[in-house]
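S.K.: Structure file input26.cif (mmCIF, N, CA and C atoms) is given on the next line.
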```
data_work
#
loop_
_atom_site.label_atom_id
_atom_site.label_comp_id
_atom_site.auth_asym_id
_atom_site.auth_seq_id
_atom_site.Cartn_x
_atom_site.Cartn_y
_atom_site.Cartn_z
N MET A 65 -19.54 -39.48 12.92
CA MET A 65 -19.80 -39.38 11.50
C MET A 65 -18.84 -38.37 10.86
N LYS A 66 -18.25 -38.73 9.74
CA LYS A 66 -17.29 -37.90 9.06
C LYS A 66 -18.00 -36.76 8.32
N THR A 67 -17.44 -35.55 8.45
CA THR A 67 -18.00 -34.38 7.78
C THR A 67 -17.74 -34.45 6.28
N LYS A 68 -18.77 -34.21 5.50
CA LYS A 68 -18.64 -34.20 4.05
C LYS A 68 -17.96 -32.89 3.62
N HIS A 69 -17.06 -32.99 2.66
CA HIS A 69 -16.39 -31.82 2.12
C HIS A 69 -16.84 -31.58 0.67
N PHE A 70 -17.19 -30.35 0.38
CA PHE A 70 -17.61 -29.96 -0.97
C PHE A 70 -16.61 -28.96 -1.52
N LEU A 71 -16.04 -29.22 -2.68
CA LEU A 71 -15.23 -28.25 -3.39
C LEU A 71 -16.20 -27.44 -4.24
N ILE A 72 -16.32 -26.16 -3.93
CA ILE A 72 -17.42 -25.35 -4.49
C ILE A 72 -16.95 -24.54 -5.69
N ASP A 73 -17.70 -24.65 -6.76
CA ASP A 73 -17.43 -24.00 -8.03
C ASP A 73 -18.04 -22.60 -8.07
N THR A 74 -17.50 -21.77 -8.95
CA THR A 74 -17.98 -20.40 -9.15
C THR A 74 -19.48 -20.35 -9.43
N ASN A 75 -19.93 -21.16 -10.38
CA ASN A 75 -21.34 -21.12 -10.78
C ASN A 75 -22.27 -21.55 -9.67
N PHE A 76 -21.81 -22.42 -8.80
CA PHE A 76 -22.62 -22.86 -7.66
C PHE A 76 -22.85 -21.69 -6.71
N ILE A 77 -21.80 -20.93 -6.42
CA ILE A 77 -21.92 -19.74 -5.56
C ILE A 77 -22.77 -18.69 -6.25
N LEU A 78 -22.53 -18.50 -7.53
CA LEU A 78 -23.26 -17.50 -8.30
C LEU A 78 -24.76 -17.76 -8.28
N ARG A 79 -25.16 -19.03 -8.52
CA ARG A 79 -26.60 -19.37 -8.51
C ARG A 79 -27.21 -19.12 -7.14
N PHE A 80 -26.43 -19.35 -6.09
CA PHE A 80 -26.91 -19.12 -4.73
C PHE A 80 -27.07 -17.62 -4.47
N LEU A 81 -26.04 -16.84 -4.78
CA LEU A 81 -26.09 -15.41 -4.50
C LEU A 81 -27.10 -14.67 -5.36
N LEU A 82 -27.32 -15.15 -6.58
CA LEU A 82 -28.28 -14.50 -7.49
C LEU A 82 -29.69 -15.07 -7.37
N ASP A 83 -29.85 -16.11 -6.54
CA ASP A 83 -31.16 -16.73 -6.32
C ASP A 83 -31.78 -17.18 -7.64
N VAL A 84 -30.99 -17.92 -8.43
CA VAL A 84 -31.46 -18.46 -9.71
C VAL A 84 -32.45 -19.58 -9.41
N PRO A 85 -33.73 -19.41 -9.79
CA PRO A 85 -34.78 -20.35 -9.38
C PRO A 85 -34.49 -21.82 -9.65
N SER A 86 -33.94 -22.15 -10.80
CA SER A 86 -33.75 -23.56 -11.14
C SER A 86 -32.64 -24.24 -10.35
N GLN A 87 -31.75 -23.46 -9.72
CA GLN A 87 -30.63 -24.08 -9.03
C GLN A 87 -30.42 -23.57 -7.60
N PHE A 88 -31.16 -22.57 -7.21
CA PHE A 88 -31.00 -21.99 -5.88
C PHE A 88 -31.25 -23.01 -4.77
N LYS A 89 -32.31 -23.80 -4.89
CA LYS A 89 -32.67 -24.75 -3.82
C LYS A 89 -31.54 -25.73 -3.52
N GLU A 90 -30.91 -26.27 -4.57
CA GLU A 90 -29.80 -27.20 -4.37
C GLU A 90 -28.62 -26.50 -3.70
N ALA A 91 -28.30 -25.29 -4.16
CA ALA A 91 -27.20 -24.52 -3.56
C ALA A 91 -27.54 -24.19 -2.11
N GLU A 92 -28.77 -23.79 -1.87
CA GLU A 92 -29.20 -23.46 -0.50
C GLU A 92 -29.07 -24.68 0.42
N ARG A 93 -29.42 -25.86 -0.08
CA ARG A 93 -29.33 -27.09 0.70
C ARG A 93 -27.88 -27.35 1.14
N VAL A 94 -26.95 -27.18 0.20
CA VAL A 94 -25.54 -27.41 0.51
C VAL A 94 -25.02 -26.35 1.48
N PHE A 95 -25.34 -25.09 1.24
CA PHE A 95 -24.87 -24.04 2.15
C PHE A 95 -25.50 -24.15 3.53
N LYS A 96 -26.71 -24.70 3.60
CA LYS A 96 -27.34 -24.94 4.91
C LYS A 96 -26.55 -26.00 5.67
N LYS A 97 -26.11 -27.04 4.99
CA LYS A 97 -25.28 -28.08 5.63
C LYS A 97 -23.96 -27.47 6.13
N ILE A 98 -23.41 -26.57 5.33
CA ILE A 98 -22.16 -25.91 5.74
C ILE A 98 -22.42 -25.03 6.95
N GLU A 99 -23.52 -24.29 6.92
CA GLU A 99 -23.88 -23.43 8.05
C GLU A 99 -24.14 -24.24 9.31
N ASP A 100 -24.77 -25.42 9.16
CA ASP A 100 -25.06 -26.29 10.30
C ASP A 100 -23.85 -27.11 10.75
N LYS A 101 -22.74 -26.96 10.04
CA LYS A 101 -21.48 -27.66 10.33
C LYS A 101 -21.57 -29.17 10.14
N THR A 102 -22.50 -29.61 9.28
CA THR A 102 -22.55 -31.02 8.93
C THR A 102 -21.78 -31.27 7.64
N ALA A 103 -21.28 -30.19 7.05
CA ALA A 103 -20.44 -30.27 5.85
C ALA A 103 -19.46 -29.10 5.87
N THR A 104 -18.41 -29.26 5.09
CA THR A 104 -17.42 -28.19 4.93
C THR A 104 -17.38 -27.80 3.46
N GLY A 105 -17.41 -26.51 3.21
CA GLY A 105 -17.28 -25.99 1.85
C GLY A 105 -15.86 -25.51 1.63
N VAL A 106 -15.25 -25.94 0.55
CA VAL A 106 -13.88 -25.55 0.23
C VAL A 106 -13.92 -24.69 -1.04
N VAL A 107 -13.29 -23.52 -0.95
CA VAL A 107 -13.34 -22.55 -2.04
C VAL A 107 -11.91 -22.14 -2.39
N SER A 108 -11.62 -22.04 -3.67
CA SER A 108 -10.33 -21.57 -4.14
C SER A 108 -10.37 -20.06 -4.37
N VAL A 109 -9.21 -19.41 -4.22
CA VAL A 109 -9.13 -17.98 -4.54
C VAL A 109 -9.41 -17.76 -6.03
N LEU A 110 -9.19 -18.79 -6.85
CA LEU A 110 -9.51 -18.68 -8.27
C LEU A 110 -11.02 -18.57 -8.48
N VAL A 111 -11.78 -19.27 -7.68
CA VAL A 111 -13.24 -19.19 -7.74
C VAL A 111 -13.68 -17.78 -7.36
N ILE A 112 -13.09 -17.23 -6.31
CA ILE A 112 -13.43 -15.86 -5.89
C ILE A 112 -13.08 -14.88 -7.00
N ASN A 113 -11.92 -15.06 -7.63
CA ASN A 113 -11.51 -14.19 -8.72
C ASN A 113 -12.52 -14.23 -9.87
N GLU A 114 -12.93 -15.43 -10.24
CA GLU A 114 -13.89 -15.58 -11.33
C GLU A 114 -15.25 -15.01 -10.94
N LEU A 115 -15.65 -15.21 -9.71
CA LEU A 115 -16.92 -14.67 -9.21
C LEU A 115 -16.94 -13.15 -9.33
N ILE A 116 -15.86 -12.52 -8.91
CA ILE A 116 -15.76 -11.06 -8.98
C ILE A 116 -15.81 -10.60 -10.43
N TRP A 117 -15.08 -11.29 -11.30
CA TRP A 117 -15.06 -10.92 -12.71
C TRP A 117 -16.47 -11.00 -13.30
N ILE A 118 -17.18 -12.07 -13.02
CA ILE A 118 -18.53 -12.25 -13.56
C ILE A 118 -19.46 -11.15 -13.06
N PHE A 119 -19.41 -10.87 -11.76
CA PHE A 119 -20.27 -9.81 -11.23
C PHE A 119 -19.95 -8.46 -11.87
N GLN A 120 -18.66 -8.15 -12.02
CA GLN A 120 -18.28 -6.84 -12.55
C GLN A 120 -18.51 -6.70 -14.05
N TYR A 121 -18.11 -7.70 -14.81
CA TYR A 121 -18.09 -7.54 -16.26
C TYR A 121 -19.27 -8.17 -16.99
N PHE A 122 -19.86 -9.20 -16.44
CA PHE A 122 -21.04 -9.79 -17.08
C PHE A 122 -22.31 -9.12 -16.56
N TYR A 123 -22.41 -9.01 -15.23
CA TYR A 123 -23.61 -8.42 -14.63
C TYR A 123 -23.51 -6.92 -14.42
N LYS A 124 -22.32 -6.35 -14.67
CA LYS A 124 -22.10 -4.89 -14.57
C LYS A 124 -22.43 -4.35 -13.18
N LYS A 125 -22.09 -5.11 -12.16
CA LYS A 125 -22.36 -4.69 -10.78
C LYS A 125 -21.12 -4.03 -10.19
N LYS A 126 -21.37 -3.12 -9.25
CA LYS A 126 -20.28 -2.46 -8.54
C LYS A 126 -19.86 -3.33 -7.37
N ARG A 127 -18.61 -3.21 -6.98
CA ARG A 127 -18.07 -4.02 -5.87
C ARG A 127 -18.93 -3.91 -4.62
N GLN A 128 -19.40 -2.71 -4.34
CA GLN A 128 -20.20 -2.49 -3.13
C GLN A 128 -21.50 -3.28 -3.16
N ASP A 129 -21.91 -3.73 -4.34
CA ASP A 129 -23.15 -4.49 -4.48
C ASP A 129 -22.97 -5.99 -4.24
N PHE A 130 -21.76 -6.51 -4.45
CA PHE A 130 -21.60 -7.97 -4.33
C PHE A 130 -20.51 -8.42 -3.36
N ILE A 131 -19.50 -7.61 -3.11
CA ILE A 131 -18.44 -8.02 -2.17
C ILE A 131 -19.03 -8.32 -0.78
N PRO A 132 -19.95 -7.49 -0.27
CA PRO A 132 -20.54 -7.84 1.04
C PRO A 132 -21.23 -9.21 1.04
N GLN A 133 -21.85 -9.61 -0.07
CA GLN A 133 -22.47 -10.93 -0.16
C GLN A 133 -21.41 -12.03 -0.07
N ILE A 134 -20.30 -11.82 -0.76
CA ILE A 134 -19.21 -12.81 -0.72
C ILE A 134 -18.64 -12.88 0.69
N LEU A 135 -18.45 -11.73 1.32
CA LEU A 135 -17.92 -11.70 2.70
C LEU A 135 -18.86 -12.43 3.66
N LYS A 136 -20.16 -12.24 3.47
CA LYS A 136 -21.13 -12.92 4.33
C LYS A 136 -21.04 -14.44 4.16
N LEU A 137 -20.90 -14.87 2.93
CA LEU A 137 -20.76 -16.30 2.66
C LEU A 137 -19.48 -16.85 3.29
N LEU A 138 -18.40 -16.10 3.17
CA LEU A 138 -17.12 -16.52 3.75
C LEU A 138 -17.14 -16.52 5.27
N SER A 139 -18.09 -15.81 5.86
CA SER A 139 -18.16 -15.75 7.32
C SER A 139 -18.66 -17.07 7.93
N LEU A 140 -19.22 -17.95 7.10
CA LEU A 140 -19.63 -19.26 7.61
C LEU A 140 -18.38 -20.00 8.10
N LYS A 141 -18.44 -20.49 9.32
CA LYS A 141 -17.27 -21.13 9.93
C LYS A 141 -16.75 -22.32 9.15
N ASN A 142 -17.62 -23.04 8.50
CA ASN A 142 -17.19 -24.24 7.78
C ASN A 142 -16.88 -24.00 6.30
N ILE A 143 -16.64 -22.75 5.95
CA ILE A 143 -16.10 -22.44 4.63
C ILE A 143 -14.60 -22.31 4.81
N LYS A 144 -13.86 -23.08 4.03
CA LYS A 144 -12.39 -23.07 4.08
C LYS A 144 -11.87 -22.56 2.74
N ILE A 145 -10.71 -21.91 2.78
CA ILE A 145 -10.07 -21.41 1.57
C ILE A 145 -8.83 -22.27 1.30
N LEU A 146 -8.64 -22.67 0.06
CA LEU A 146 -7.54 -23.58 -0.28
C LEU A 146 -6.15 -22.96 -0.13
N GLU A 147 -5.91 -21.84 -0.77
CA GLU A 147 -4.54 -21.37 -0.95
C GLU A 147 -4.00 -20.49 0.18
N ILE A 148 -4.87 -19.76 0.84
CA ILE A 148 -4.44 -18.85 1.90
C ILE A 148 -5.42 -18.95 3.07
N LYS A 149 -5.09 -18.28 4.16
CA LYS A 149 -6.00 -18.26 5.30
C LYS A 149 -7.24 -17.45 4.95
N LYS A 150 -8.37 -17.87 5.49
CA LYS A 150 -9.63 -17.18 5.21
C LYS A 150 -9.55 -15.71 5.62
N ALA A 151 -8.95 -15.43 6.77
CA ALA A 151 -8.83 -14.04 7.24
C ALA A 151 -8.03 -13.19 6.25
N GLU A 152 -7.05 -13.80 5.59
CA GLU A 152 -6.26 -13.07 4.59
C GLU A 152 -7.12 -12.73 3.37
N LEU A 153 -7.92 -13.68 2.94
CA LEU A 153 -8.82 -13.42 1.81
C LEU A 153 -9.84 -12.35 2.17
N ILE A 154 -10.37 -12.41 3.36
CA ILE A 154 -11.33 -11.40 3.81
C ILE A 154 -10.68 -10.01 3.80
N ASN A 155 -9.44 -9.92 4.25
CA ASN A 155 -8.73 -8.63 4.22
C ASN A 155 -8.55 -8.12 2.80
N ILE A 156 -8.24 -9.01 1.88
CA ILE A 156 -8.08 -8.61 0.47
C ILE A 156 -9.42 -8.11 -0.09
N LEU A 157 -10.50 -8.81 0.20
CA LEU A 157 -11.82 -8.39 -0.28
C LEU A 157 -12.24 -7.06 0.33
N LYS A 158 -11.98 -6.88 1.61
CA LYS A 158 -12.30 -5.60 2.26
C LYS A 158 -11.47 -4.47 1.65
N ALA A 159 -10.20 -4.75 1.37
CA ALA A 159 -9.34 -3.74 0.74
C ALA A 159 -9.86 -3.37 -0.65
N SER A 160 -10.47 -4.32 -1.35
CA SER A 160 -11.01 -4.03 -2.68
C SER A 160 -12.22 -3.08 -2.59
N LEU A 161 -12.87 -3.06 -1.44
CA LEU A 161 -13.97 -2.11 -1.23
C LEU A 161 -13.45 -0.73 -0.87
N GLU A 162 -12.31 -0.69 -0.21
CA GLU A 162 -11.76 0.57 0.31
C GLU A 162 -10.82 1.26 -0.67
N ASN A 163 -10.34 0.56 -1.68
CA ASN A 163 -9.37 1.09 -2.62
C ASN A 163 -9.87 0.90 -4.04
N ASN A 164 -9.22 1.55 -4.97
CA ASN A 164 -9.61 1.41 -6.37
C ASN A 164 -8.72 0.40 -7.09
N PHE A 165 -8.33 -0.66 -6.39
CA PHE A 165 -7.49 -1.70 -6.98
C PHE A 165 -8.33 -2.96 -7.15
N ASP A 166 -8.06 -3.69 -8.22
CA ASP A 166 -8.86 -4.89 -8.43
C ASP A 166 -8.35 -6.05 -7.58
N TYR A 167 -9.16 -7.07 -7.50
CA TYR A 167 -8.89 -8.22 -6.65
C TYR A 167 -7.55 -8.88 -6.98
N THR A 168 -7.29 -9.10 -8.27
CA THR A 168 -6.05 -9.78 -8.66
C THR A 168 -4.83 -8.97 -8.24
N ASP A 169 -4.88 -7.65 -8.44
CA ASP A 169 -3.77 -6.80 -8.02
C ASP A 169 -3.57 -6.87 -6.51
N LEU A 170 -4.66 -6.82 -5.76
CA LEU A 170 -4.55 -6.89 -4.30
C LEU A 170 -4.05 -8.26 -3.85
N TYR A 171 -4.45 -9.31 -4.53
CA TYR A 171 -3.97 -10.65 -4.19
C TYR A 171 -2.47 -10.74 -4.44
N LEU A 172 -2.01 -10.22 -5.58
CA LEU A 172 -0.56 -10.21 -5.86
C LEU A 172 0.19 -9.35 -4.85
N LEU A 173 -0.38 -8.22 -4.49
CA LEU A 173 0.23 -7.35 -3.49
C LEU A 173 0.34 -8.07 -2.15
N PHE A 174 -0.71 -8.79 -1.79
CA PHE A 174 -0.69 -9.58 -0.57
C PHE A 174 0.43 -10.62 -0.62
N LEU A 175 0.51 -11.38 -1.72
CA LEU A 175 1.55 -12.40 -1.85
C LEU A 175 2.95 -11.78 -1.79
N SER A 176 3.10 -10.62 -2.41
CA SER A 176 4.37 -9.93 -2.40
C SER A 176 4.78 -9.51 -0.99
N LYS A 177 3.85 -8.93 -0.26
CA LYS A 177 4.14 -8.49 1.11
C LYS A 177 4.41 -9.68 2.02
N LYS A 178 3.66 -10.74 1.84
CA LYS A 178 3.82 -11.92 2.69
C LYS A 178 5.14 -12.64 2.42
N SER A 179 5.55 -12.70 1.16
CA SER A 179 6.74 -13.46 0.79
C SER A 179 8.02 -12.62 0.72
N GLY A 180 7.84 -11.29 0.64
CA GLY A 180 9.01 -10.42 0.49
C GLY A 180 9.50 -10.34 -0.95
N GLN A 181 8.75 -10.90 -1.88
CA GLN A 181 9.14 -10.86 -3.29
C GLN A 181 8.57 -9.60 -3.94
N SER A 182 9.34 -9.03 -4.86
CA SER A 182 8.84 -7.84 -5.55
C SER A 182 7.97 -8.25 -6.73
N ILE A 183 7.06 -7.39 -7.07
CA ILE A 183 6.15 -7.63 -8.19
C ILE A 183 6.76 -7.00 -9.44
N GLN A 184 6.76 -7.74 -10.51
CA GLN A 184 7.19 -7.24 -11.81
C GLN A 184 5.95 -7.12 -12.68
N SER A 185 5.65 -5.90 -13.11
CA SER A 185 4.42 -5.68 -13.87
C SER A 185 4.55 -4.44 -14.74
N PHE A 186 3.78 -4.40 -15.80
CA PHE A 186 3.64 -3.20 -16.61
C PHE A 186 2.32 -2.49 -16.29
N ASP A 187 1.54 -3.05 -15.38
CA ASP A 187 0.25 -2.50 -14.97
C ASP A 187 0.52 -1.30 -14.05
N LYS A 188 0.24 -0.10 -14.55
CA LYS A 188 0.55 1.13 -13.79
C LYS A 188 -0.19 1.18 -12.46
N GLN A 189 -1.42 0.70 -12.43
CA GLN A 189 -2.19 0.72 -11.18
C GLN A 189 -1.57 -0.23 -10.15
N LEU A 190 -1.13 -1.39 -10.59
CA LEU A 190 -0.48 -2.33 -9.68
C LEU A 190 0.85 -1.78 -9.19
N ILE A 191 1.62 -1.17 -10.07
CA ILE A 191 2.89 -0.56 -9.67
C ILE A 191 2.65 0.51 -8.62
N ARG A 192 1.60 1.33 -8.82
CA ARG A 192 1.25 2.37 -7.85
C ARG A 192 0.86 1.74 -6.51
N ALA A 193 0.13 0.64 -6.56
CA ALA A 193 -0.30 -0.04 -5.33
C ALA A 193 0.90 -0.55 -4.53
N THR A 194 1.94 -1.00 -5.22
CA THR A 194 3.11 -1.53 -4.51
C THR A 194 3.83 -0.44 -3.72
N LYS A 195 3.61 0.81 -4.10
CA LYS A 195 4.29 1.93 -3.43
C LYS A 195 3.50 2.48 -2.24
N LEU A 196 2.26 2.03 -2.09
CA LEU A 196 1.42 2.51 -1.01
C LEU A 196 1.59 1.61 0.22
N ASN A 197 1.61 2.21 1.37
CA ASN A 197 1.74 1.43 2.61
C ASN A 197 0.45 1.38 3.41
N ASN A 198 -0.58 2.07 2.93
CA ASN A 198 -1.82 2.17 3.72
C ASN A 198 -2.88 1.14 3.32
N ILE A 199 -2.55 0.22 2.44
CA ILE A 199 -3.51 -0.81 2.05
C ILE A 199 -3.40 -1.94 3.06
N LYS A 200 -4.48 -2.19 3.78
CA LYS A 200 -4.48 -3.17 4.86
C LYS A 200 -4.86 -4.54 4.33
N ILE A 201 -3.86 -5.33 3.96
CA ILE A 201 -4.15 -6.67 3.46
C ILE A 201 -3.48 -7.75 4.31
N LEU A 202 -2.58 -7.35 5.17
CA LEU A 202 -1.97 -8.31 6.09
C LEU A 202 -2.55 -8.10 7.47
N SER A 203 -2.77 -9.18 8.17
CA SER A 203 -3.34 -9.07 9.53
C SER A 203 -2.34 -8.48 10.50
#
```
Give the structure from the file, written as structure tokens.

M.R.:
Amino acid sequence: MKTKHFLIDTNFILRFLLDVPSQFKEAERVFKKIEDKTATGVVSVLVINELIWIFQYFYKKKRQDFIPQILKLLSLKNIKILEIKKAELINILKASLENNFDYTDLYLLFLSKKSGQSIQSFDKQLIRATKLNNIKILS
């Protein structure tokens, strides 16, 4: 039997993590299939970016309150990431807990280090991040 693949949206993850009564059961059903390996969940780094933004700016939550939930969800073996390796995304999320840099800056820093391309930015925090060698985002 062929494994079903689900492209998972930000709001679907959000309803699951926030336990929204009207939609949690459906999200739980899908994530249970992913956990049981009868389905595969596919997530974009854009979804993760939007998820982080919503938690920080709409719900006013600190990274330490929601990044561990995202990491736990990503730990499911049948969750796949579209643009980069899952381990790379996990490293970026962990770095966001350990440093005062936002997810987008760390993602750009990761891409820069991986590709050898320099970052052009007027963002002082991102420029400072490019000069640091102690941010662990590459395996």

S.K.: Env of region 164-174 of chain A: 8 Å cut, atoms = only N, CA and C atoms, seq-sep filter 6 positions within chain, self excluded. Answer as a PyMOL selection string.

M.R.: chain A and resi 112-113+116+156-157+180+183+189-190+193-194+201-202

S.K.: With distances taken over only C-alpha atoms, which residue among A:Thr74, A:Ser185, A:Thr67, A:Asn142 lies nearest Leu110 (chain A)?

M.R.: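 Nearest candidate to Leu110 (chain A) out of A:Thr74, A:Ser185, A:Thr67, A:Asn142: A:Thr74.
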
S.K.: Here's the selection I'm unsure about, the PyMOL selection byres ((chain A and resi 143) around 7); applied to the file above, which residues does it give, as a list in words?

M.R.: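 Taken over the shown coordinates, the PyMOL selection byres ((chain A and resi 143) around 7) returns Ile98, Ala103, Thr104, Gly105, Val106, Val107, Leu137, Leu138, Ser139, Leu140, Lys141, Asn142, Lys144 and Ile145 of chain A.
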
S.K.: Quick one, how far is CA of Lys178 (chain A) from atom N of Leu153 (chain A)?

M.R.: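 Separation between CA of Lys178 (chain A) and atom N of Leu153 (chain A): 11.9 Å.
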
S.K.: For the structure I just gave you, how does DSSP split chain A - specifically, which residues are helix (DSSP H, G or I)? Reply as a count of residues only.

M.R.: 83
